[in-house]
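*Asks:* Sending over upload_12.cif (mmCIF, C-alpha atoms).
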```cif
data_entry
loop_
_atom_site.label_atom_id
_atom_site.label_comp_id
_atom_site.auth_asym_id
_atom_site.auth_seq_id
_atom_site.Cartn_x
_atom_site.Cartn_y
_atom_site.Cartn_z
CA MET B 809 0.00 0.00 0.00
CA PHE B 810 1.38 3.39 -0.86
CA LYS B 811 1.79 6.12 1.71
CA LYS B 812 1.50 9.88 1.52
CA GLU B 813 5.28 10.28 1.42
CA ASP B 814 5.29 8.39 -1.87
CA GLY B 815 3.75 11.47 -3.52
CA ASP B 816 6.64 11.72 -5.99
CA ASN B 817 5.59 8.48 -7.68
CA VAL B 818 1.94 9.44 -7.85
CA GLU B 819 0.76 10.26 -11.34
CA THR B 820 -2.53 11.96 -10.51
CA ILE B 821 -3.32 14.23 -7.60
CA ILE B 822 -6.75 15.81 -7.22
CA GLY B 823 -6.20 18.58 -4.70
CA PRO B 824 -8.68 19.96 -2.16
CA SER B 825 -9.64 22.98 -4.29
CA VAL B 826 -10.48 20.91 -7.34
CA GLN B 827 -13.69 19.27 -8.47
CA VAL B 828 -13.63 16.52 -11.08
CA GLU B 829 -16.76 15.34 -12.89
CA GLY B 830 -17.01 12.37 -15.24
CA ASN B 831 -15.31 9.07 -15.86
CA PHE B 832 -11.81 9.43 -14.56
CA VAL B 833 -9.42 6.74 -15.79
CA ALA B 834 -5.73 6.76 -14.85
CA ASN B 835 -2.86 4.39 -15.55
CA GLY B 836 -0.94 5.23 -12.38
CA ASP B 837 -1.57 5.94 -8.71
CA ILE B 838 -4.26 8.46 -7.78
CA ILE B 839 -4.52 10.68 -4.70
CA VAL B 840 -7.88 12.34 -4.12
CA GLU B 841 -8.07 15.22 -1.64
CA GLY B 842 -10.91 17.07 -3.39
CA THR B 843 -14.27 16.13 -4.88
CA VAL B 844 -14.89 13.60 -7.61
CA SER B 845 -18.23 12.60 -9.12
CA GLY B 846 -18.80 9.95 -11.79
CA SER B 847 -16.39 7.04 -11.71
CA ILE B 848 -12.74 6.41 -10.88
CA LYS B 849 -10.75 3.59 -12.43
CA THR B 850 -7.07 2.77 -12.03
CA GLU B 851 -4.94 -0.32 -12.48
CA LYS B 852 -2.80 0.83 -9.57
CA ASN B 853 -3.42 2.41 -6.16
CA LEU B 854 -5.95 4.92 -4.91
CA ARG B 855 -5.61 7.07 -1.83
CA VAL B 856 -8.63 9.02 -0.59
CA GLY B 857 -7.69 11.83 1.81
CA LYS B 858 -9.52 12.73 5.01
CA ASP B 859 -11.37 15.70 3.52
CA ALA B 860 -12.04 14.10 0.15
CA LYS B 861 -15.58 13.48 -1.04
CA ILE B 862 -16.16 10.95 -3.77
CA PHE B 863 -19.56 10.44 -5.38
CA ALA B 864 -18.39 7.75 -7.74
CA ASP B 865 -17.98 4.04 -8.33
CA ILE B 866 -14.38 3.02 -7.79
CA THR B 867 -12.23 0.30 -9.34
CA ALA B 868 -8.59 0.02 -8.25
CA ASN B 869 -5.87 -2.45 -7.38
CA ASN B 870 -5.30 -1.20 -3.80
CA ALA B 871 -7.10 1.54 -1.92
CA PHE B 872 -6.44 3.50 1.26
CA VAL B 873 -9.52 5.43 2.33
CA ALA B 874 -9.69 8.16 4.97
CA GLY B 875 -12.50 10.24 3.43
CA GLU B 876 -16.07 9.79 2.27
CA ILE B 877 -17.12 7.61 -0.65
CA GLN B 878 -20.69 7.40 -1.94
CA GLY B 879 -20.60 4.63 -4.51
CA ASN B 880 -19.62 1.04 -5.03
CA ILE B 881 -16.00 0.04 -4.46
CA LYS B 882 -14.28 -2.82 -6.26
CA ILE B 883 -10.69 -3.44 -5.15
CA LYS B 884 -8.55 -6.23 -6.59
CA GLU B 885 -6.19 -6.62 -3.65
CA ASN B 886 -6.14 -4.61 -0.43
CA LEU B 887 -8.71 -2.11 0.86
CA GLU B 888 -7.80 -0.18 4.00
CA LEU B 889 -10.39 1.97 5.79
CA THR B 890 -9.07 4.35 8.43
CA ASN B 891 -11.09 5.53 11.45
CA THR B 892 -12.28 8.60 9.50
CA ALA B 893 -13.48 6.62 6.45
CA LYS B 894 -17.17 6.78 5.54
CA ILE B 895 -18.43 4.39 2.90
CA PHE B 896 -21.97 4.50 1.52
CA GLY B 897 -22.03 1.71 -1.03
CA ASP B 898 -21.15 -1.91 -1.66
CA VAL B 899 -17.59 -3.09 -1.19
CA LYS B 900 -15.86 -5.99 -2.94
CA THR B 901 -12.22 -6.70 -2.18
CA LYS B 902 -9.72 -9.49 -1.57
CA ILE B 903 -8.29 -8.19 1.72
CA LEU B 904 -10.22 -5.78 3.93
CA ASN B 905 -8.61 -3.83 6.75
CA VAL B 906 -11.02 -1.72 8.84
CA SER B 907 -9.88 0.58 11.64
CA PRO B 908 -12.19 1.06 14.66
CA GLY B 909 -14.47 4.03 13.98
CA ALA B 910 -14.72 3.55 10.23
CA SER B 911 -18.24 3.71 8.85
CA LEU B 912 -19.33 1.11 6.31
CA ASN B 913 -22.91 1.21 4.99
CA GLY B 914 -23.51 -1.37 2.29
CA LYS B 915 -22.92 -4.95 1.29
CA CYS B 916 -19.42 -6.13 1.95
CA SER B 917 -17.60 -9.01 0.31
CA ALA B 918 -14.00 -9.63 1.31
CA GLY B 919 -11.73 -12.54 0.34
CA ASP B 920 -11.83 -14.82 -2.67
CA GLU B 921 -12.64 -18.05 -0.85
CA HIS B 922 -15.40 -20.27 -2.24
CA LYS B 923 -18.21 -21.63 -0.10
CA ALA B 924 -17.81 -25.27 1.02
CA LYS B 925 -20.68 -27.50 -0.08
CA PHE B 926 -22.83 -28.82 2.76
CA GLU B 927 -22.90 -32.63 2.85
CA LYS B 928 -25.12 -34.71 5.14
CA ALA B 929 -23.49 -37.26 7.49
CA ASP B 930 -24.80 -40.37 5.63
CA GLU B 931 -23.67 -38.96 2.26
CA ARG B 932 -20.27 -38.43 3.79
CA GLY B 933 -20.21 -42.11 4.98
CA GLN B 934 -21.17 -43.39 1.53
CA LYS B 935 -18.45 -41.32 0.00
CA ALA B 936 -15.89 -42.68 2.48
CA SER B 937 -16.84 -46.32 1.74
CA ARG B 938 -16.70 -45.59 -1.99
CA ASP B 939 -13.18 -44.31 -1.51
CA LYS B 940 -12.28 -47.43 0.53
CA ASN B 941 -13.55 -49.81 -2.17
CA TYR B 942 -11.68 -47.97 -4.84
CA LEU B 943 -8.64 -49.86 -6.09
CA ALA B 944 -5.81 -48.14 -7.76
CA PRO B 945 -4.96 -49.48 -11.28
CA GLU B 946 -1.59 -50.85 -10.08
CA GLU B 947 -3.37 -52.84 -7.29
CA ILE B 948 -5.59 -54.69 -9.80
CA MET A 694 24.91 21.57 -41.70
CA TYR A 695 24.21 24.03 -38.89
CA LEU A 696 22.22 27.24 -39.04
CA TYR A 697 22.73 29.63 -36.11
CA LEU A 698 19.90 32.07 -35.43
CA TYR A 699 20.89 34.98 -33.18
CA ASP A 700 18.15 36.93 -31.42
CA SER A 701 18.07 40.67 -32.13
CA PHE A 702 18.88 41.58 -28.51
CA LEU A 703 22.36 40.07 -29.05
CA ASN A 704 23.23 43.13 -31.18
CA ASN A 705 23.86 44.86 -27.87
CA LYS A 706 27.56 45.51 -27.40
CA LYS A 707 27.71 43.73 -24.05
CA TYR A 708 27.28 40.40 -25.83
CA THR A 709 29.97 40.96 -28.48
CA ALA A 710 32.84 39.36 -26.56
CA LEU A 711 30.72 36.42 -25.42
CA LEU A 712 29.48 35.73 -28.95
CA ALA A 713 33.00 35.98 -30.40
CA LYS A 714 34.24 33.48 -27.81
CA THR A 715 31.33 31.14 -28.52
CA GLU A 716 31.89 31.32 -32.29
CA THR A 717 35.57 30.50 -31.86
CA ARG A 718 34.72 27.53 -29.68
CA LEU A 719 32.17 26.27 -32.23
CA THR A 720 34.75 26.56 -35.02
CA ASP A 721 37.29 24.68 -32.89
CA LEU A 722 34.77 21.92 -32.36
CA GLY A 723 34.11 21.80 -36.11
CA ILE A 724 30.45 22.67 -35.84
CA GLY A 725 30.48 26.18 -37.25
CA GLY A 726 27.79 27.16 -39.72
CA LYS A 727 25.74 29.94 -41.21
CA ILE A 728 24.84 32.77 -38.83
CA PHE A 729 21.71 34.87 -39.17
CA ARG A 730 20.71 37.70 -36.90
CA LEU A 731 16.98 38.01 -36.36
CA SER A 732 15.39 41.42 -36.77
CA PRO A 733 11.84 42.67 -37.04
CA LEU A 734 12.51 43.49 -40.70
CA ARG A 735 13.55 39.97 -41.62
CA ASN A 736 10.97 37.29 -42.39
CA VAL A 737 12.25 34.44 -40.21
CA ALA A 738 9.75 31.90 -41.49
CA GLU A 739 10.92 32.45 -45.07
CA LEU A 740 14.56 32.32 -44.01
CA ILE A 741 14.13 28.99 -42.22
CA ASN A 742 12.17 27.64 -45.19
CA ASP A 743 14.94 28.58 -47.64
CA GLU A 744 17.75 27.26 -45.48
CA ILE A 745 16.09 23.91 -44.87
CA ARG A 746 15.50 23.59 -48.60
CA SER A 747 19.19 24.24 -49.17
CA GLY A 748 20.18 21.40 -46.84
CA VAL A 749 20.25 22.67 -43.26
CA LYS A 750 19.55 19.79 -40.86
CA THR A 751 20.15 21.52 -37.53
CA ILE A 752 18.99 24.92 -36.32
CA VAL A 753 20.79 26.31 -33.29
CA ILE A 754 18.90 29.03 -31.47
CA VAL A 755 21.11 31.61 -29.79
CA GLY A 756 19.10 33.63 -27.31
CA ASN A 757 16.64 33.05 -24.49
CA ASP A 758 13.30 31.30 -23.81
CA LYS A 759 11.47 33.85 -25.96
CA THR A 760 13.75 33.17 -28.95
CA LEU A 761 13.30 29.41 -28.46
CA ASN A 762 9.51 29.75 -28.38
CA GLN A 763 9.52 31.92 -31.50
CA ILE A 764 11.74 29.62 -33.58
CA ILE A 765 10.06 26.40 -32.45
CA ASN A 766 6.72 27.76 -33.65
CA LEU A 767 8.26 28.36 -37.08
CA ALA A 768 10.42 25.24 -37.36
CA VAL A 769 8.03 22.62 -35.97
CA LYS A 770 6.65 21.70 -39.39
CA PHE A 771 10.10 20.61 -40.59
CA GLU A 772 11.87 17.38 -39.64
CA ILE A 773 14.98 19.08 -38.25
CA THR A 774 17.05 19.01 -35.07
CA ILE A 775 17.02 21.98 -32.72
CA GLY A 776 19.97 23.09 -30.62
CA LEU A 777 20.20 25.91 -28.12
CA ILE A 778 22.86 28.30 -26.88
CA PRO A 779 21.40 30.23 -23.95
CA VAL A 780 22.53 33.84 -23.80
CA GLY A 781 21.21 36.64 -21.62
CA GLU A 782 18.57 36.37 -18.94
CA ASP A 783 15.39 34.30 -18.82
CA ASN A 784 16.81 30.92 -19.80
CA LYS A 785 14.76 28.58 -17.60
CA ILE A 786 13.90 26.16 -20.40
CA ALA A 787 17.58 25.83 -21.31
CA LYS A 788 18.40 24.94 -17.70
CA ALA A 789 15.66 22.31 -17.64
CA LEU A 790 17.17 20.85 -20.82
CA GLY A 791 20.56 20.66 -19.11
CA ILE A 792 22.13 23.59 -20.97
CA ALA A 793 23.40 25.96 -18.29
CA SER A 794 25.76 28.31 -20.14
CA PRO A 795 26.98 29.23 -23.65
CA GLU A 796 30.30 27.40 -23.04
CA GLU A 797 28.51 24.25 -21.95
CA ALA A 798 26.11 24.60 -24.89
CA CYS A 799 29.01 24.38 -27.38
CA ASN A 800 30.17 21.07 -25.89
CA ILE A 801 26.58 19.79 -25.80
CA LEU A 802 26.11 20.67 -29.48
CA SER A 803 29.35 18.88 -30.27
CA SER A 804 28.39 15.71 -28.39
CA ARG A 805 24.98 15.90 -30.12
CA LYS A 806 22.84 13.90 -27.73
CA ILE A 807 19.44 14.09 -29.40
CA GLU A 808 16.21 13.37 -27.54
CA ARG A 809 12.73 13.42 -28.99
CA LEU A 810 10.55 15.68 -26.86
CA ASP A 811 6.80 16.10 -26.68
CA LEU A 812 5.45 19.44 -27.76
CA GLY A 813 2.28 21.09 -26.52
CA LYS A 814 -0.13 22.84 -28.86
CA ALA A 815 -2.55 25.52 -27.65
CA ASN A 816 -4.88 26.49 -30.51
CA ASP A 817 -2.24 27.09 -33.22
CA VAL A 818 0.63 27.98 -30.92
CA TYR A 819 3.26 25.43 -29.91
CA PHE A 820 4.90 25.36 -26.49
CA ILE A 821 7.72 23.32 -25.04
CA SER A 822 7.41 24.10 -21.33
CA GLU A 823 4.02 25.28 -20.09
CA ILE A 824 0.99 27.47 -20.55
CA ALA A 825 -0.39 29.54 -17.69
CA VAL A 826 -3.97 30.71 -17.28
CA SER A 827 -4.54 34.07 -15.59
CA SER A 828 -6.44 33.90 -12.32
CA GLY A 829 -10.12 33.05 -12.70
CA ALA A 830 -12.31 29.97 -12.47
CA VAL A 831 -11.90 27.65 -15.44
CA THR A 832 -13.31 24.34 -16.59
CA ILE A 833 -10.92 21.97 -18.30
CA GLU A 834 -12.65 19.29 -20.35
CA CYS A 835 -10.27 16.38 -20.84
CA GLU A 836 -10.67 13.96 -23.72
CA ASN A 837 -14.48 14.31 -23.48
CA LYS A 838 -14.32 11.99 -20.48
CA PHE A 839 -14.08 14.20 -17.44
CA LYS A 840 -14.17 17.85 -16.43
CA VAL A 841 -11.90 19.59 -13.95
CA ASN A 842 -13.39 22.67 -12.27
CA THR A 843 -11.05 25.11 -10.57
CA LYS A 844 -11.67 28.00 -8.22
CA ALA A 845 -11.03 31.66 -9.09
CA LYS A 846 -8.01 31.90 -6.79
CA ASP A 847 -6.29 28.79 -8.19
CA LEU A 848 -3.14 29.06 -10.26
CA VAL A 849 -3.73 26.89 -13.34
CA LYS A 850 -0.97 25.68 -15.65
CA ILE A 851 -0.61 23.06 -18.33
CA CYS A 852 2.90 21.64 -18.11
CA ASN A 853 5.06 19.64 -20.45
CA LEU A 854 8.61 20.17 -19.27
CA SER A 855 8.59 21.88 -15.88
CA PRO A 856 6.91 24.93 -14.41
CA LEU A 857 8.82 28.02 -15.48
CA SER A 858 7.92 29.72 -12.23
CA ALA A 859 9.50 27.02 -10.09
CA PRO A 860 13.24 26.45 -9.87
CA ALA A 861 14.30 23.56 -12.09
CA GLU A 862 15.78 21.75 -9.09
CA GLN A 863 12.46 21.73 -7.24
CA SER A 864 10.50 20.36 -10.13
CA ALA A 865 13.06 17.71 -11.04
CA GLY A 866 11.36 14.49 -11.90
CA GLY A 867 7.96 16.15 -11.80
CA PHE A 868 7.14 16.49 -15.47
CA ASN A 869 8.60 14.41 -18.21
CA PRO A 870 8.49 15.81 -21.76
CA GLN A 871 8.86 12.29 -23.15
CA ASP A 872 5.85 10.61 -21.50
CA GLY A 873 3.35 11.48 -24.23
CA VAL A 874 1.05 13.42 -21.90
CA LEU A 875 0.66 16.96 -20.61
CA GLU A 876 -0.22 17.67 -16.98
CA ILE A 877 -2.77 20.07 -15.58
CA MET A 878 -1.18 21.64 -12.52
CA ILE A 879 -3.49 23.50 -10.16
CA HIS A 880 -2.00 25.31 -7.21
CA PRO A 881 -4.29 27.10 -4.75
CA LEU A 882 -2.85 30.52 -3.96
CA LYS A 883 -2.23 31.01 -0.24
CA ALA A 884 -5.04 33.14 1.08
CA ASP A 885 -3.48 34.39 4.31
CA PHE A 886 -0.17 34.66 6.12
CA TRP A 887 -0.59 31.44 8.15
CA GLN A 888 -1.42 29.43 5.07
CA PHE A 889 1.61 30.97 3.40
CA LEU A 890 3.82 29.74 6.24
CA LYS A 891 2.38 26.23 5.96
CA LYS A 892 4.54 24.70 3.27
CA GLY A 893 5.52 21.37 1.85
CA ASP A 894 2.02 19.89 1.66
CA LYS A 895 2.21 18.19 -1.70
CA ALA A 896 -1.45 17.27 -1.69
CA ASP A 897 -2.36 20.98 -1.86
CA LYS A 898 -1.62 20.99 -5.54
CA SER A 899 -3.36 18.97 -8.21
CA VAL A 900 -1.60 17.15 -11.02
CA ILE A 901 -3.80 15.55 -13.67
CA PRO A 902 -2.34 14.01 -16.84
CA PHE A 903 -4.17 14.25 -20.17
CA LYS A 904 -3.59 14.15 -23.93
CA LYS A 905 -6.24 16.51 -25.25
CA ALA A 906 -8.28 19.13 -23.42
CA ALA A 907 -10.25 22.33 -23.80
CA ILE A 908 -9.86 25.21 -21.35
CA LYS A 909 -13.10 27.14 -20.97
CA SER A 910 -14.20 29.99 -18.74
CA LYS A 911 -17.29 32.13 -18.28
CA ILE A 912 -15.34 35.31 -18.96
CA PRO A 913 -12.39 35.37 -21.40
CA LEU A 914 -9.12 34.82 -19.56
CA THR A 915 -5.59 35.25 -20.87
CA VAL A 916 -3.39 32.22 -21.48
CA ALA A 917 0.37 32.67 -21.89
CA THR A 918 2.37 30.00 -23.77
CA ASP A 919 5.93 29.56 -22.46
CA GLY A 920 5.47 32.97 -20.81
CA GLN A 921 5.40 34.61 -24.27
CA LYS A 922 2.41 34.47 -26.61
CA ILE A 923 -0.95 35.46 -25.21
CA LEU A 924 -4.17 33.66 -26.11
CA LYS A 925 -7.73 34.06 -24.84
CA THR A 926 -9.98 31.29 -23.55
CA PRO A 927 -11.44 29.03 -24.90
CA VAL A 928 -8.20 27.27 -25.76
CA ALA A 929 -7.82 23.76 -27.18
CA VAL A 930 -4.69 22.04 -25.86
CA GLU A 931 -3.11 18.83 -27.04
CA VAL A 932 0.18 17.00 -26.83
CA LEU A 933 2.20 16.12 -29.93
CA PRO A 934 4.27 13.19 -28.68
CA LYS A 935 7.97 13.09 -29.64
CA LYS A 936 7.47 15.91 -32.13
CA LEU A 937 10.70 17.77 -31.47
CA ARG A 938 14.28 16.54 -32.02
CA PHE A 939 16.35 18.47 -29.49
CA ILE A 940 20.05 18.42 -28.60
CA VAL A 941 20.03 18.15 -24.80
CA GLY A 942 22.60 18.22 -22.02
CA LYS A 943 23.31 15.35 -19.65
CA ASN A 944 22.14 17.44 -16.68
CA ARG A 945 18.59 17.74 -18.00
CA ILE A 946 15.85 17.30 -15.42
CA PHE A 947 14.04 14.41 -17.09
#
```
Produce structure tokens that represent the structure in this file.
*Replies:*
Amino acid sequence: MFKKEDGDNVETIIGPSVQVEGNFVANGDIIVEGTVSGSIKTEKNLRVGKDAKIFADITANNAFVAGEIQGNIKIKENLELTNTAKIFGDVKTKILNVSPGASLNGKCSAGDEHKAKFEKADERGQKASRDKNYLAPEEI
Amino acid sequence: MYLYLYDSFLNNKKYTALLAKTETRLTDLGIGGKIFRLSPLRNVAELINDEIRSGVKTIVIVGNDKTLNQIINLAVKFEITIGLIPVGEDNKIAKALGIASPEEACNILSSRKIERLDLGKANDVYFISEIAVSSGAVTIECENKFKVNTKAKDLVKICNLSPLSAPAEQSAGGFNPQDGVLEIMIHPLKADFWQFLKKGDKADKSVIPFKKAAIKSKIPLTVATDGQKILKTPVAVEVLPKKLRFIVGKNRIF
């Protein structure tokens, strides 16, 4: 996750005095300290400052959020919400890190694990006996 | 074959010795060529046209940022190499290109390290470094995808090389004239003394890359290209990637 000090490597900075409207697509890291409405998409990292207000759907690789986001968030890897973060929308990410005090209002899906199938006890027994009766080709 | 274009301000006697020394050095290095002195009475566009037709492959501009801006706007349509010998004051672009002094410029011309640089175009005017919008709220529509709205007190610039107003050292690594994009740079002006004292907050400024944009405003605002030519909003801005073949120094900032 990138930190504020890494500002030199950041390609896009939306400062506190600036308002961006529309579909914002960037190839590099983005720092938002101002207001964005529409959508934000980056293949790299997104950092949302404490005073930032985003009224947009977000797609990014990693995100560090300290401000307010009204929209759905889709993060490929790591989403970090600080204690000042306010999210009003659905979240989908691989790794979710929430600080105490963060506000999250919406559906949340974290991790890429698949649900285990429920099997009844007798089905499980049948399966075990099937496995026991199975002979490997070299045993025949 | 080299063509040396001297700005008219170099007719001042205080530059005579410096120019003589520079010419000697160029001859020693074996890169002497035709010399033309610019003057308001001479049609520079015609001159460049004729010389390129007669085989000139490299134009060396002798003067300052203003001379560079003037010649680039005339020579951009030709596939030629541009060199620069900075003389006089106001040579920020030369410094950013790694050309600090006339003596150094001679050696740089001799070593002939050519880089292809992006060029900005604002309406029909070309710029190598930046354009600056006078104070006033503007809307910048980028590639018909998104709009950037600024406040009246914001300082708005479109940068290719480095901000002319900032020392080259400070902006090192900030803007690359070879990345195929221009950057909108928005800097909120400090409103009061305490804000002025608060420095070093990088997130105060905005930097937004783009390839094509339109600068619009409710009232017409002035736009200066490379601190020279003045345009009025609305202005269409675009980047012309790798348009310029330039002889650069090794201490360039990109």
*Asks:* Please check the contacts: residues of chain B at most 7 Å away from chain A, using all atoms listed in the file, listed as a list in words.
*Replies:*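 Per the criterion, chain B yields Thr820, Ile821, Ile822, Gly823, Pro824, Ser825, Val826, Gln827, Val828, Glu829, Gly830, Asn831, Phe832 and Glu841 of chain B.
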*Asks:* Name the residues that the PyMOL selection byres ((chain B and resi 909) around 6) pulls out of this structure, and write them as a VMD selection string.
*Replies:* chain B and resid 891 908 910
*Asks:* Give me, please, the distance in Å between CA of Leu719 (chain A) and CA of Arg805 (chain A), quoted to one decimal.
*Replies:*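 So the answer is 12.8 Å.
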*Asks:* Residues picked by the PyMOL selection byres ((chain A and resi 703) around 12) here, as a PyMOL selection string?
*Replies:* chain A and resi 698-702+704-713+729-732+754-757+760+778-782
*Asks:* Apply the PyMOL selection byres ((chain B and resi 877) around 9) to the structure shown and report the selected residues as a PyMOL selection string.
*Replies:* chain B and resi 856+860-866+873+875-876+878-881+893-897
*Asks:* Name the closest residue to Glu716 (chain A) among the candidates A:Met694, A:Ile765, A:Leu933, A:Cys799; distances are taken between atoms, counting all atoms listed in the file.
*Replies:* A:Cys799
*Asks:* Find the residues near Ile883 (chain B): any atom within 9 Å, counting only C-alpha atoms, skip ones fewer than 5 places away on the same chain, and give them as a ChimeraX atom specification.
*Replies:* /B:866-871,899-903
*Asks:* Rounded to one decimal place, report the CA of Val932 (chain A)-CA of Val874 (chain A) distance in Å.
*Replies:*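 CA of Val874 (chain A) lies at a distance of 6.2 Å from CA of Val932 (chain A).
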*Asks:* Please define a box with edges along x, y and z of the file around all atoms of region 794-813 of chain A given in the file, extend it by 5 Å on each side, and return its centre and edge lengths in Å to one decimal, as JSON.
*Replies:*
```
{"center_x": 16.3, "center_y": 21.3, "center_z": -25.2, "size_x": 38.0, "size_y": 25.9, "size_z": 20.1}
```
*Asks:* With distances taken over all atoms listed in the file, which residue among A:Asp758, A:Glu772, A:Glu823, A:Glu836 lies nearest Ala917 (chain A)?
*Replies:* A:Glu823
*Asks:* Work out how far CA of Leu854 (chain A) is from CA of Ile839 (chain B), in Å to one decimal.
*Replies:*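 One can read the CA of Ile839 (chain B) to CA of Leu854 (chain A) distance as 21.8 Å.
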*Asks:* I'd like to know which of A:Gly748, A:Asp721, A:Leu777, A:Lys727 is closest to Ala789 (chain A), using all atoms listed in the file.
*Replies:*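 Using all atoms listed in the file, the shortest distance to Ala789 (chain A) belongs to A:Leu777.
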